[in-house]
>>> print(open('protein26.pdb').read())   # PDB, N, CA, C and O atoms
ATOM      1  N   GLN U1178      98.974 -47.253-252.602
ATOM      2  CA  GLN U1178      97.777 -46.844-253.291
ATOM      3  C   GLN U1178      96.548 -47.059-252.423
ATOM      4  O   GLN U1178      95.589 -47.674-252.824
ATOM      5  N   THR U1179      96.638 -46.500-251.220
ATOM      6  CA  THR U1179      95.504 -46.557-250.291
ATOM      7  C   THR U1179      95.225 -45.153-249.763
ATOM      8  O   THR U1179      96.093 -44.284-249.790
ATOM      9  N   LEU U1180      94.027 -44.983-249.258
ATOM     10  CA  LEU U1180      93.680 -43.698-248.655
ATOM     11  C   LEU U1180      94.550 -43.439-247.429
ATOM     12  O   LEU U1180      94.985 -42.310-247.196
ATOM     13  N   LYS U1181      94.835 -44.472-246.640
ATOM     14  CA  LYS U1181      95.713 -44.306-245.479
ATOM     15  C   LYS U1181      97.074 -43.767-245.894
ATOM     16  O   LYS U1181      97.626 -42.892-245.227
ATOM     17  N   ASP U1182      97.608 -44.270-246.962
ATOM     18  CA  ASP U1182      98.906 -43.805-247.442
ATOM     19  C   ASP U1182      98.846 -42.321-247.811
ATOM     20  O   ASP U1182      99.740 -41.552-247.460
ATOM     21  N   VAL U1183      97.786 -41.921-248.484
ATOM     22  CA  VAL U1183      97.644 -40.510-248.879
ATOM     23  C   VAL U1183      97.473 -39.621-247.647
ATOM     24  O   VAL U1183      98.133 -38.595-247.519
ATOM     25  N   VAL U1184      96.619 -40.024-246.723
ATOM     26  CA  VAL U1184      96.322 -39.190-245.550
ATOM     27  C   VAL U1184      97.506 -39.079-244.599
ATOM     28  O   VAL U1184      97.808 -38.003-244.095
ATOM     29  N   PHE U1185      98.209 -40.202-244.369
ATOM     30  CA  PHE U1185      99.238 -40.206-243.331
ATOM     31  C   PHE U1185     100.671 -40.072-243.836
ATOM     32  O   PHE U1185     101.548 -39.691-243.066
ATOM     33  N   ARG U1186     100.924 -40.369-245.099
ATOM     34  CA  ARG U1186     102.305 -40.345-245.561
ATOM     35  C   ARG U1186     102.568 -39.372-246.706
ATOM     36  O   ARG U1186     103.604 -38.739-246.756
ATOM     37  N   ARG U1187     101.677 -39.279-247.638
ATOM     38  CA  ARG U1187     101.958 -38.519-248.858
ATOM     39  C   ARG U1187     101.426 -37.092-248.846
ATOM     40  O   ARG U1187     101.762 -36.305-249.719
ATOM     41  N   THR U1188     100.589 -36.778-247.864
ATOM     42  CA  THR U1188     100.088 -35.404-247.701
ATOM     43  C   THR U1188     100.127 -35.056-246.217
ATOM     44  O   THR U1188     100.439 -35.896-245.382
ATOM     45  N   ASP U1189      99.745 -33.847-245.885
ATOM     46  CA  ASP U1189      99.668 -33.404-244.496
ATOM     47  C   ASP U1189      98.250 -33.516-243.935
ATOM     48  O   ASP U1189      97.975 -33.002-242.859
ATOM     49  N   LEU U1190      97.351 -34.183-244.634
ATOM     50  CA  LEU U1190      95.959 -34.243-244.188
ATOM     51  C   LEU U1190      95.806 -34.783-242.775
ATOM     52  O   LEU U1190      94.984 -34.305-242.009
ATOM     53  N   GLY U1191      96.581 -35.772-242.406
ATOM     54  CA  GLY U1191      96.433 -36.366-241.092
ATOM     55  C   GLY U1191      97.482 -35.930-240.103
ATOM     56  O   GLY U1191      97.634 -36.534-239.051
ATOM     57  N   ALA U1192      98.203 -34.879-240.409
ATOM     58  CA  ALA U1192      99.339 -34.478-239.578
ATOM     59  C   ALA U1192      98.954 -33.917-238.223
ATOM     60  O   ALA U1192      99.716 -34.040-237.271
ATOM     61  N   SER U1193      97.807 -33.297-238.093
ATOM     62  CA  SER U1193      97.498 -32.673-236.812
ATOM     63  C   SER U1193      96.179 -33.123-236.216
ATOM     64  O   SER U1193      96.089 -33.305-235.019
ATOM     65  N   GLU U1194      95.172 -33.281-237.010
ATOM     66  CA  GLU U1194      93.876 -33.673-236.476
ATOM     67  C   GLU U1194      93.044 -34.320-237.572
ATOM     68  O   GLU U1194      93.401 -34.275-238.742
ATOM     69  N   TYR U1195      91.953 -34.908-237.174
ATOM     70  CA  TYR U1195      91.058 -35.573-238.111
ATOM     71  C   TYR U1195      90.564 -34.565-239.148
ATOM     72  O   TYR U1195      90.006 -33.532-238.787
ATOM     73  N   PRO U1196      90.785 -34.849-240.438
ATOM     74  CA  PRO U1196      90.393 -33.872-241.462
ATOM     75  C   PRO U1196      88.899 -33.802-241.713
ATOM     76  O   PRO U1196      88.428 -32.856-242.343
ATOM     77  N   GLY U1197      88.139 -34.763-241.234
ATOM     78  CA  GLY U1197      86.693 -34.769-241.407
ATOM     79  C   GLY U1197      86.241 -35.727-242.496
ATOM     80  O   GLY U1197      86.980 -36.042-243.428
ATOM     81  N   GLU U1198      85.023 -36.179-242.350
ATOM     82  CA  GLU U1198      84.443 -37.151-243.277
ATOM     83  C   GLU U1198      84.358 -36.589-244.699
ATOM     84  O   GLU U1198      84.619 -37.299-245.658
ATOM     85  N   ALA U1199      84.010 -35.315-244.842
ATOM     86  CA  ALA U1199      83.873 -34.725-246.181
ATOM     87  C   ALA U1199      85.207 -34.727-246.928
ATOM     88  O   ALA U1199      85.257 -35.034-248.121
ATOM     89  N   VAL U1200      86.290 -34.412-246.239
ATOM     90  CA  VAL U1200      87.612 -34.405-246.861
ATOM     91  C   VAL U1200      88.007 -35.823-247.259
ATOM     92  O   VAL U1200      88.505 -36.057-248.363
ATOM     93  N   LEU U1201      87.778 -36.771-246.358
ATOM     94  CA  LEU U1201      88.109 -38.165-246.672
ATOM     95  C   LEU U1201      87.293 -38.661-247.862
ATOM     96  O   LEU U1201      87.810 -39.351-248.737
ATOM     97  N   ARG U1202      86.033 -38.296-247.908
ATOM     98  CA  ARG U1202      85.170 -38.713-249.026
ATOM     99  C   ARG U1202      85.663 -38.099-250.334
ATOM    100  O   ARG U1202      85.727 -38.773-251.353
ATOM    101  N   THR U1203      86.050 -36.842-250.322
ATOM    102  CA  THR U1203      86.567 -36.188-251.528
ATOM    103  C   THR U1203      87.837 -36.871-252.015
ATOM    104  O   THR U1203      87.978 -37.169-253.207
ATOM    105  N   CYS U1204      88.746 -37.133-251.104
ATOM    106  CA  CYS U1204      89.989 -37.831-251.478
ATOM    107  C   CYS U1204      89.697 -39.214-252.037
ATOM    108  O   CYS U1204      90.294 -39.638-253.031
ATOM    109  N   THR U1205      88.792 -39.910-251.386
ATOM    110  CA  THR U1205      88.442 -41.257-251.821
ATOM    111  C   THR U1205      87.805 -41.232-253.205
ATOM    112  O   THR U1205      88.114 -42.081-254.053
ATOM    113  N   THR U1206      86.954 -40.270-253.449
ATOM    114  CA  THR U1206      86.317 -40.151-254.768
ATOM    115  C   THR U1206      87.359 -39.900-255.852
ATOM    116  O   THR U1206      87.307 -40.503-256.933
ATOM    117  N   LEU U1207      88.313 -39.030-255.579
ATOM    118  CA  LEU U1207      89.382 -38.767-256.544
ATOM    119  C   LEU U1207      90.218 -40.016-256.794
ATOM    120  O   LEU U1207      90.532 -40.353-257.946
ATOM    121  N   MET U1208      90.577 -40.700-255.720
ATOM    122  CA  MET U1208      91.370 -41.919-255.866
ATOM    123  C   MET U1208      90.578 -42.996-256.611
ATOM    124  O   MET U1208      91.127 -43.714-257.447
ATOM    125  N   ALA U1209      89.295 -43.097-256.310
ATOM    126  CA  ALA U1209      88.449 -44.098-256.969
ATOM    127  C   ALA U1209      88.394 -43.874-258.478
ATOM    128  O   ALA U1209      88.442 -44.834-259.252
ATOM    129  N   SER U1210      88.330 -42.618-258.881
ATOM    130  CA  SER U1210      88.272 -42.338-260.322
ATOM    131  C   SER U1210      89.570 -42.708-261.019
ATOM    132  O   SER U1210      89.573 -43.133-262.165
ATOM    133  N   GLU U1211      90.686 -42.593-260.314
ATOM    134  CA  GLU U1211      91.985 -42.937-260.895
ATOM    135  C   GLU U1211      92.293 -44.431-260.806
ATOM    136  O   GLU U1211      92.962 -44.984-261.677
ATOM    137  N   LEU U1212      91.819 -45.071-259.734
ATOM    138  CA  LEU U1212      92.209 -46.454-259.467
ATOM    139  C   LEU U1212      91.098 -47.471-259.698
ATOM    140  O   LEU U1212      91.297 -48.667-259.503
ATOM    141  N   GLY U1213      89.918 -46.988-260.093
ATOM    142  CA  GLY U1213      88.823 -47.895-260.412
ATOM    143  C   GLY U1213      88.154 -48.547-259.210
ATOM    144  O   GLY U1213      87.647 -49.654-259.311
ATOM    145  N   TRP U1214      88.147 -47.860-258.068
ATOM    146  CA  TRP U1214      87.517 -48.415-256.876
ATOM    147  C   TRP U1214      86.006 -48.328-256.985
ATOM    148  O   TRP U1214      85.456 -47.302-257.406
ATOM    149  N   ASP U1215      85.312 -49.375-256.548
ATOM    150  CA  ASP U1215      83.860 -49.323-256.456
ATOM    151  C   ASP U1215      83.463 -48.715-255.107
ATOM    152  O   ASP U1215      84.325 -48.396-254.276
ATOM    153  N   GLU U1216      82.166 -48.557-254.893
ATOM    154  CA  GLU U1216      81.685 -47.917-253.659
ATOM    155  C   GLU U1216      82.104 -48.704-252.414
ATOM    156  O   GLU U1216      82.467 -48.112-251.395
ATOM    157  N   ALA U1217      82.086 -50.022-252.495
ATOM    158  CA  ALA U1217      82.481 -50.844-251.341
ATOM    159  C   ALA U1217      83.945 -50.605-250.987
ATOM    160  O   ALA U1217      84.298 -50.483-249.802
ATOM    161  N   ARG U1218      84.804 -50.528-251.976
ATOM    162  CA  ARG U1218      86.226 -50.273-251.715
ATOM    163  C   ARG U1218      86.413 -48.885-251.122
ATOM    164  O   ARG U1218      87.211 -48.692-250.197
ATOM    165  N   GLN U1219      85.685 -47.912-251.628
ATOM    166  CA  GLN U1219      85.792 -46.555-251.093
ATOM    167  C   GLN U1219      85.415 -46.526-249.611
ATOM    168  O   GLN U1219      86.105 -45.902-248.798
ATOM    169  N   GLN U1220      84.348 -47.222-249.261
ATOM    170  CA  GLN U1220      83.913 -47.258-247.866
ATOM    171  C   GLN U1220      84.955 -47.944-247.000
ATOM    172  O   GLN U1220      85.257 -47.482-245.890
ATOM    173  N   ARG U1221      85.534 -49.035-247.475
ATOM    174  CA  ARG U1221      86.579 -49.733-246.715
ATOM    175  C   ARG U1221      87.788 -48.837-246.485
ATOM    176  O   ARG U1221      88.377 -48.825-245.397
ATOM    177  N   GLU U1222      88.165 -48.078-247.509
ATOM    178  CA  GLU U1222      89.310 -47.171-247.380
ATOM    179  C   GLU U1222      89.060 -46.126-246.295
ATOM    180  O   GLU U1222      89.937 -45.845-245.471
ATOM    181  N   ILE U1223      87.880 -45.550-246.270
ATOM    182  CA  ILE U1223      87.534 -44.556-245.246
ATOM    183  C   ILE U1223      87.527 -45.212-243.864
ATOM    184  O   ILE U1223      88.051 -44.644-242.896
ATOM    185  N   GLU U1224      86.964 -46.399-243.758
ATOM    186  CA  GLU U1224      86.934 -47.105-242.482
ATOM    187  C   GLU U1224      88.349 -47.381-241.971
ATOM    188  O   GLU U1224      88.614 -47.252-240.774
ATOM    189  N   GLU U1225      89.252 -47.728-242.860
ATOM    190  CA  GLU U1225      90.638 -47.992-242.462
ATOM    191  C   GLU U1225      91.308 -46.742-241.902
ATOM    192  O   GLU U1225      92.041 -46.804-240.925
ATOM    193  N   VAL U1226      91.063 -45.596-242.511
ATOM    194  CA  VAL U1226      91.615 -44.344-241.996
ATOM    195  C   VAL U1226      90.999 -44.025-240.637
ATOM    196  O   VAL U1226      91.704 -43.653-239.695
ATOM    197  N   ASN U1227      89.693 -44.197-240.510
ATOM    198  CA  ASN U1227      89.023 -43.904-239.243
ATOM    199  C   ASN U1227      89.520 -44.793-238.113
ATOM    200  O   ASN U1227      89.559 -44.353-236.961
ATOM    201  N   LYS U1228      89.929 -46.010-238.401
ATOM    202  CA  LYS U1228      90.472 -46.913-237.382
ATOM    203  C   LYS U1228      91.809 -46.410-236.850
ATOM    204  O   LYS U1228      92.152 -46.632-235.701
ATOM    205  N   VAL U1229      92.581 -45.739-237.681
ATOM    206  CA  VAL U1229      93.931 -45.328-237.317
ATOM    207  C   VAL U1229      93.947 -44.043-236.500
ATOM    208  O   VAL U1229      94.779 -43.893-235.612
ATOM    209  N   PHE U1230      93.044 -43.126-236.728
ATOM    210  CA  PHE U1230      93.150 -41.803-236.127
ATOM    211  C   PHE U1230      93.312 -41.761-234.619
ATOM    212  O   PHE U1230      94.193 -41.068-234.131
ATOM    213  N   PRO U1231      92.551 -42.488-233.836
ATOM    214  CA  PRO U1231      92.756 -42.382-232.385
ATOM    215  C   PRO U1231      94.141 -42.830-231.919
ATOM    216  O   PRO U1231      94.614 -42.387-230.884
ATOM    217  N   SER U1232      94.820 -43.660-232.682
ATOM    218  CA  SER U1232      96.137 -44.142-232.263
ATOM    219  C   SER U1232      97.287 -43.484-233.028
ATOM    220  O   SER U1232      98.446 -43.755-232.754
ATOM    221  N   TYR U1233      96.980 -42.628-233.974
ATOM    222  CA  TYR U1233      98.020 -41.986-234.766
ATOM    223  C   TYR U1233      98.819 -41.043-233.869
ATOM    224  O   TYR U1233      98.245 -40.292-233.080
ATOM    225  N   PRO U1234     100.147 -41.052-233.944
ATOM    226  CA  PRO U1234     100.982 -40.291-233.002
ATOM    227  C   PRO U1234     100.670 -38.799-232.878
ATOM    228  O   PRO U1234     100.791 -38.246-231.800
ATOM    229  N   PHE U1235     100.257 -38.151-233.951
ATOM    230  CA  PHE U1235     100.027 -36.707-233.886
ATOM    231  C   PHE U1235      98.597 -36.350-233.544
ATOM    232  O   PHE U1235      98.283 -35.198-233.334
ATOM    233  N   TYR U1236      97.730 -37.346-233.498
ATOM    234  CA  TYR U1236      96.319 -37.084-233.241
ATOM    235  C   TYR U1236      96.090 -36.766-231.773
ATOM    236  O   TYR U1236      96.592 -37.431-230.897
ATOM    237  N   LYS U1237      95.355 -35.753-231.518
ATOM    238  CA  LYS U1237      94.954 -35.389-230.163
ATOM    239  C   LYS U1237      93.453 -35.152-230.174
ATOM    240  O   LYS U1237      92.870 -34.862-231.207
ATOM    241  N   GLU U1238      92.864 -35.220-229.029
ATOM    242  CA  GLU U1238      91.443 -34.914-228.930
ATOM    243  C   GLU U1238      91.234 -33.440-229.272
ATOM    244  O   GLU U1238      92.161 -32.749-229.646
ATOM    245  N   ALA U1239      90.057 -32.940-229.087
ATOM    246  CA  ALA U1239      89.721 -31.562-229.457
ATOM    247  C   ALA U1239      90.647 -30.549-228.800
ATOM    248  O   ALA U1239      90.770 -29.426-229.269
ATOM    249  N   SER U1240      91.329 -30.931-227.735
ATOM    250  CA  SER U1240      92.215 -29.998-227.035
ATOM    251  C   SER U1240      93.526 -29.772-227.766
ATOM    252  O   SER U1240      94.363 -29.011-227.317
ATOM    253  N   PHE U1241      93.726 -30.414-228.918
ATOM    254  CA  PHE U1241      94.988 -30.294-229.655
ATOM    255  C   PHE U1241      95.379 -28.834-229.869
ATOM    256  O   PHE U1241      96.466 -28.423-229.544
ATOM    257  N   ALA U1242      94.479 -28.041-230.396
ATOM    258  CA  ALA U1242      94.793 -26.648-230.708
ATOM    259  C   ALA U1242      95.006 -25.817-229.455
ATOM    260  O   ALA U1242      95.755 -24.852-229.468
ATOM    261  N   ALA U1243      94.393 -26.209-228.353
ATOM    262  CA  ALA U1243      94.500 -25.437-227.127
ATOM    263  C   ALA U1243      95.744 -25.785-226.331
ATOM    264  O   ALA U1243      96.129 -25.059-225.422
ATOM    265  N   SER U1244      96.391 -26.894-226.651
ATOM    266  CA  SER U1244      97.574 -27.328-225.898
ATOM    267  C   SER U1244      98.782 -26.530-226.311
ATOM    268  O   SER U1244      99.163 -26.522-227.477
ATOM    269  N   PRO U1245      99.436 -25.851-225.377
ATOM    270  CA  PRO U1245     100.652 -25.119-225.739
ATOM    271  C   PRO U1245     101.770 -26.091-226.058
ATOM    272  O   PRO U1245     101.862 -27.166-225.486
ATOM    273  N   VAL U1246     102.613 -25.714-226.990
ATOM    274  CA  VAL U1246     103.754 -26.525-227.352
ATOM    275  C   VAL U1246     104.898 -26.153-226.418
ATOM    276  O   VAL U1246     105.205 -24.972-226.239
ATOM    277  N   GLU U1247     105.493 -27.150-225.802
ATOM    278  CA  GLU U1247     106.574 -26.902-224.860
ATOM    279  C   GLU U1247     107.697 -26.134-225.532
ATOM    280  O   GLU U1247     108.146 -26.470-226.607
ATOM    281  N   GLY U1248     108.118 -25.059-224.888
ATOM    282  CA  GLY U1248     109.204 -24.256-225.414
ATOM    283  C   GLY U1248     108.803 -23.299-226.521
ATOM    284  O   GLY U1248     109.652 -22.655-227.117
ATOM    285  N   SER U1249     107.513 -23.186-226.811
ATOM    286  CA  SER U1249     107.096 -22.302-227.888
ATOM    287  C   SER U1249     107.095 -20.854-227.436
ATOM    288  O   SER U1249     106.944 -20.551-226.264
ATOM    289  N   VAL U1250     107.268 -19.962-228.377
ATOM    290  CA  VAL U1250     107.240 -18.536-228.102
ATOM    291  C   VAL U1250     105.848 -18.039-228.420
ATOM    292  O   VAL U1250     105.271 -18.355-229.438
ATOM    293  N   ARG U1251     105.310 -17.236-227.552
ATOM    294  CA  ARG U1251     103.940 -16.726-227.763
ATOM    295  C   ARG U1251     103.955 -15.350-228.309
ATOM    296  O   ARG U1251     104.693 -14.519-228.162
TER     297      ARG U1251
END
>>> encode(input="protein26.pdb", output="structure tokens")
Amino acid sequence: QTLKDVVFRRTDLGASEYPGEAVLRTCTTLMASELGWDEARQQREIEEVNKVFPSYPFYKEASFAASPVEGSVR
């Protein structure tokens, strides 16, 4: 029941690249309404996701979309 769990395990939001602050805020707001999170908890949840992105296995810098996939057909 964390934003990290939703972004990285239960949805595809974090599967390829950073979804953006607006998306994270929307998800956090929805979760907060269901789980009773206050503003401080919402901010902590977003911060926790932001800490993970640079080290997440599928995350790439802006060149992600430009990188050809080995063995892919064009």
>>> resolve_selection(input="protein26.pdb", expression="the PyMOL selection byres ((chain U and resi 1215-1228) around 8)", output="count of residues only")
20
>>> atom_distance(input="protein26.pdb", atom1="CA of Cys1204 (chain U)", atom2="CA of Ala1192 (chain U)")
15.5 Å
>>> axis_aligned_box(input="protein26.pdb", around="region 1185-1197 of chain U", padding_each_side="4 Å", output="AutoDock Vina command-line options")
--center_x 94.9 --center_y -36.5 --center_z -242.4 --size_x 25.4 --size_y 15.7 --size_z 22.7
>>> atom_distance(input="protein26.pdb", atom1="CA of Phe1185 (chain U)", atom2="CA of Glu1211 (chain U)")
19.2 Å
>>> decode(input="protein26.pdb", residues="region 1206-1227 of chain U", atoms="N, CA, C and O atoms", output="JSON list (two decimals), in the first residue's frame")
[["chain", "number", "residue", "atom", "x", "y", "z"],
["U", 1206, "THR", "N", -2.83, 11.32, -4.91],
["U", 1206, "THR", "CA", -4.11, 11.89, -4.47],
["U", 1206, "THR", "C", -5.19, 10.82, -4.40],
["U", 1206, "THR", "O", -5.96, 10.76, -3.44],
["U", 1207, "LEU", "N", -5.24, 9.96, -5.40],
["U", 1207, "LEU", "CA", -6.21, 8.86, -5.40],
["U", 1207, "LEU", "C", -5.96, 7.91, -4.23],
["U", 1207, "LEU", "O", -6.89, 7.50, -3.53],
["U", 1208, "MET", "N", -4.70, 7.56, -4.04],
["U", 1208, "MET", "CA", -4.36, 6.65, -2.94],
["U", 1208, "MET", "C", -4.66, 7.31, -1.59],
["U", 1208, "MET", "O", -5.16, 6.65, -0.67],
["U", 1209, "ALA", "N", -4.37, 8.59, -1.48],
["U", 1209, "ALA", "CA", -4.62, 9.31, -0.22],
["U", 1209, "ALA", "C", -6.11, 9.30, 0.14],
["U", 1209, "ALA", "O", -6.46, 9.12, 1.30],
["U", 1210, "SER", "N", -6.95, 9.45, -0.87],
["U", 1210, "SER", "CA", -8.40, 9.45, -0.58],
["U", 1210, "SER", "C", -8.88, 8.09, -0.11],
["U", 1210, "SER", "O", -9.78, 7.98, 0.70],
["U", 1211, "GLU", "N", -8.24, 7.03, -0.60],
["U", 1211, "GLU", "CA", -8.63, 5.67, -0.19],
["U", 1211, "GLU", "C", -7.98, 5.24, 1.12],
["U", 1211, "GLU", "O", -8.56, 4.48, 1.89],
["U", 1212, "LEU", "N", -6.75, 5.72, 1.36],
["U", 1212, "LEU", "CA", -5.98, 5.22, 2.50],
["U", 1212, "LEU", "C", -5.83, 6.23, 3.64],
["U", 1212, "LEU", "O", -5.20, 5.94, 4.65],
["U", 1213, "GLY", "N", -6.41, 7.42, 3.46],
["U", 1213, "GLY", "CA", -6.38, 8.41, 4.52],
["U", 1213, "GLY", "C", -5.04, 9.09, 4.74],
["U", 1213, "GLY", "O", -4.72, 9.49, 5.85],
["U", 1214, "TRP", "N", -4.24, 9.22, 3.69],
["U", 1214, "TRP", "CA", -2.94, 9.87, 3.82],
["U", 1214, "TRP", "C", -3.10, 11.37, 3.93],
["U", 1214, "TRP", "O", -3.89, 11.98, 3.20],
["U", 1215, "ASP", "N", -2.32, 12.00, 4.81],
["U", 1215, "ASP", "CA", -2.28, 13.45, 4.87],
["U", 1215, "ASP", "C", -1.27, 13.97, 3.85],
["U", 1215, "ASP", "O", -0.60, 13.19, 3.16],
["U", 1216, "GLU", "N", -1.15, 15.29, 3.76],
["U", 1216, "GLU", "CA", -0.26, 15.89, 2.75],
["U", 1216, "GLU", "C", 1.20, 15.48, 2.98],
["U", 1216, "GLU", "O", 1.93, 15.23, 2.01],
["U", 1217, "ALA", "N", 1.62, 15.38, 4.22],
["U", 1217, "ALA", "CA", 3.00, 14.98, 4.51],
["U", 1217, "ALA", "C", 3.27, 13.56, 4.01],
["U", 1217, "ALA", "O", 4.33, 13.29, 3.42],
["U", 1218, "ARG", "N", 2.34, 12.66, 4.22],
["U", 1218, "ARG", "CA", 2.52, 11.28, 3.75],
["U", 1218, "ARG", "C", 2.55, 11.25, 2.23],
["U", 1218, "ARG", "O", 3.35, 10.52, 1.62],
["U", 1219, "GLN", "N", 1.70, 12.03, 1.59],
["U", 1219, "GLN", "CA", 1.69, 12.07, 0.13],
["U", 1219, "GLN", "C", 3.05, 12.53, -0.41],
["U", 1219, "GLN", "O", 3.58, 11.94, -1.36],
["U", 1220, "GLN", "N", 3.61, 13.55, 0.21],
["U", 1220, "GLN", "CA", 4.91, 14.06, -0.23],
["U", 1220, "GLN", "C", 5.99, 13.01, -0.03],
["U", 1220, "GLN", "O", 6.85, 12.81, -0.90],
["U", 1221, "ARG", "N", 5.97, 12.32, 1.10],
["U", 1221, "ARG", "CA", 6.96, 11.26, 1.35],
["U", 1221, "ARG", "C", 6.86, 10.15, 0.32],
["U", 1221, "ARG", "O", 7.87, 9.62, -0.15],
["U", 1222, "GLU", "N", 5.63, 9.78, -0.04],
["U", 1222, "GLU", "CA", 5.43, 8.73, -1.04],
["U", 1222, "GLU", "C", 6.04, 9.13, -2.38],
["U", 1222, "GLU", "O", 6.72, 8.32, -3.04],
["U", 1223, "ILE", "N", 5.82, 10.35, -2.80],
["U", 1223, "ILE", "CA", 6.39, 10.84, -4.07],
["U", 1223, "ILE", "C", 7.92, 10.87, -3.97],
["U", 1223, "ILE", "O", 8.61, 10.45, -4.91],
["U", 1224, "GLU", "N", 8.45, 11.33, -2.86],
["U", 1224, "GLU", "CA", 9.90, 11.37, -2.68],
["U", 1224, "GLU", "C", 10.50, 9.97, -2.76],
["U", 1224, "GLU", "O", 11.57, 9.78, -3.35],
["U", 1225, "GLU", "N", 9.83, 8.99, -2.20],
["U", 1225, "GLU", "CA", 10.32, 7.61, -2.24],
["U", 1225, "GLU", "C", 10.39, 7.08, -3.67],
["U", 1225, "GLU", "O", 11.33, 6.41, -4.05],
["U", 1226, "VAL", "N", 9.39, 7.39, -4.48],
["U", 1226, "VAL", "CA", 9.41, 6.98, -5.88],
["U", 1226, "VAL", "C", 10.53, 7.70, -6.62],
["U", 1226, "VAL", "O", 11.28, 7.08, -7.38],
["U", 1227, "ASN", "N", 10.69, 8.99, -6.37],
["U", 1227, "ASN", "CA", 11.74, 9.75, -7.05],
["U", 1227, "ASN", "C", 13.13, 9.24, -6.70],
["U", 1227, "ASN", "O", 14.03, 9.31, -7.54]]
